[in-house]
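Asker: Let me begin by handing over the structure; questions about it come next.
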Amino acid sequence: MSWTENVRRVVPYTPGEQPKEQNIIKLNTNENPYPPSPAVRVAIREVTEEGMRRYPDPSADVLVSAIAEEYGVEKEEVFVGVGSDDVLAMAFLTFFNSEKPVLFPDITYSFYDVWADLYRIPYECMPLKDDFTIDPEDYKKENGGVILPNPNAPTGVCMGTDAIESIIKSNPDSVVIIDEAYVDFGAVSVLPLIRKYDNLLVVQTMSKSRSLAGMRIGFAFGDAKLIKYLNDVKFSFNSYTMNQTALAAGVAAVKDRAYFDTCCKKIIATREWVKAELKDLGFAFPDAKSNFIFATHLEYPAKKLFDELKSRKIYVRYFNKPRIDNYIRITIGTDAQMRAFLNAVTEILDK
Ligand code: PMP
């Protein structure tokens, strides 16, 4: 007998590489290529020593209020956390507490099975169809909860609001979490449904569409009772999740709607241009509505392309997993970065 037998052993989530190398083109972790709103820097500069000396407001009221106002909901319908990973981890702990399996797709955000294993939550993966779409019927059987990203990651494929609503409606006895990390790049949020279904949690993040991955700010919307349960667990885990700087940054970012809209529009325009170029180069991909494209080349193996691009200091993401091991996920960067990426791909394919 040794202490190691009592260790909670887990296979951790593997985040995308954050290379130390300079002068790379980084299209591997779905970061936004544009800086955050200029108001964010101003707000961070205004954080006082007094603000640093004291504990932050445990209810993160300034940020919760700013999000509630921007999205037209009540403060009691908003939860915030240290990136949506923290929000999702809290949500798994709070709502997935049944002997029945939690349902999510076989190809999806690879943190879901990690949290399920960590908390010993049983789960079942429902296979995506061959075209990477989700069959809503798969989520209408007995379960201990449902979690789906919309758009899905890493495929970028969207599900319509009616299909999502049919899943929420069929599951009055479990919580349905819709992970909308990428929703601002052209998909439709199911936020309005929180007033219709008290079993719906909608999770979003400032990491992608608001260029604040480094500040770690995630948020969620739901019925006031659902949010209260989430806060009860959060306050039983860590009262001060949001630090003073993140609070200031988040408030400034969420208030600058004009900058946010412009930034999202630029990324969408670049994505649509890159899709056309990739098609001409012999790639196939589902119609992504995210800030990334999940593409396979009809002749050139994905792993080799990933390695060749990396040797040219262009990082994309490759998943060595069943069904998707011949795909690369390409984050949408600036037009100049995407031109360099496309030039490199052309050169590799011509070799
Ligand atoms: N959900 C999905 C589907 C994601 O791809 C990511 C990014 N890795 C997250 C949530 C978490 O993002 P963050 O913690 O930066 O908000």
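In the structure tokens, the first chain shown is A, the next is B, and so on; residue numbers restart at 1 for each chain, and ligands run from 1 in the order shown.
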If DSSP is run on the backbone, what residues of stretch 224-315 of chain A are strand (DSSP E)? A reply as a PDB file with C-alpha atoms, in the first residue's frame would be ideal.
Answerer:
```pdb
ATOM      1  CA  PHE A 283      -9.536  20.801 -49.692  1.00  0.00           C
ATOM      2  CA  ALA A 284     -12.899  19.644 -48.403  1.00  0.00           C
ATOM      3  CA  PHE A 292     -11.574  28.256 -37.661  1.00  0.00           C
ATOM      4  CA  ILE A 293     -11.974  25.831 -40.565  1.00  0.00           C
ATOM      5  CA  PHE A 294     -11.649  22.068 -40.180  1.00  0.00           C
ATOM      6  CA  ALA A 295     -10.260  20.853 -43.476  1.00  0.00           C
ATOM      7  CA  THR A 296      -9.025  17.716 -45.152  1.00  0.00           C
ATOM      8  CA  HIS A 297      -7.081  17.570 -48.411  1.00  0.00           C
ATOM      9  CA  ILE A 314       3.028  28.129 -39.378  1.00  0.00           C
ATOM     10  CA  TYR A 315       1.155  26.385 -36.573  1.00  0.00           C
TER      11      TYR A 315
END
```
Asker: Would you pick out the contacts of stretch 74-90 of chain A at 9 Å or less, using only C-alpha atoms, so that residues sharing its chain but fewer than 3 positions from it are not included, and give the list as a PyMOL selection string?
Answerer: chain A and resi 59-61+63-69+71+93-95+111-112+115+177+179+181+194+203-207+213+215-228+230-231+233-234+237+241-243+246
Asker: Just the residues within 12 Å of A:Arg45, please, counting only C-alpha atoms, with nothing from its chain fewer than 2 positions along; format it as JSON, numbers by chain.
Answerer: {"A": [38, 39, 40, 41, 42, 43, 47, 48, 49, 51, 244, 245, 246, 248, 249, 252]}
Asker: I'd like to know which of A:Asp335, A:Asp184, A:Glu50, A:Asp280 is closest to A:Arg210, using only C-alpha atoms.
Answerer: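 With only C-alpha atoms as the atom set, the closest residue is A:Asp184.
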Asker: Taking only C-alpha atoms into account, name the residue in A:Pro127, A:Val7, A:Ile134, A:Gly145 that is nearest to A:Gly160.
Answerer: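 Closest to A:Gly160 of all the choices is A:Ile134.
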Asker: From stretch 76-267 of chain A, collect each residue whose DSSP state is alpha helix (DSSP H) and return the set as a PyMOL selection string.
Answerer: chain A and resi 83-95+112-118+161-170+224-235+244-255+257-267
Asker: Which residue, A:Asn143, A:Asn152, A:Gln22, A:Asn32, has the smallest gap to A:Thr334 when you use only C-alpha atoms?
Answerer: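 When distances to A:Thr334 are compared using only C-alpha atoms, the smallest one comes from A:Asn32.
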Asker: Tell me which of A:Lys275, A:Lys266, A:Arg312, A:Arg329 sits closest to ligand 1, counting only C-alpha atoms and all ligand atoms.
Answerer: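 The closest residue to ligand 1 is A:Arg329.
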Asker: Please provide as a list in words all residues within 10 Å of A:Arg9, with the sequence filter that same-chain residues fewer than 4 positions apart are discarded (counting only C-alpha atoms).
Answerer: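 Counting only C-alpha atoms, the residues come to Thr4, Glu5, Asp117 and Leu118 of chain A.
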Asker: Considering only C-alpha atoms, can you say which of A:Asn320, A:Thr331, A:Asn30, A:Ser290 comes closest to A:Pro151?
Answerer: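 When distances to A:Pro151 are compared using only C-alpha atoms, the smallest one comes from A:Ser290.
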Asker: Choose the residue, out of A:Lys100, A:Gly214, A:Glu17, A:Val190, that has the smallest atom-to-atom separation from ligand 1; count only C-alpha atoms and all ligand atoms.
Answerer: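 Ranked by minimum distance to ligand 1, first place goes to A:Gly214.
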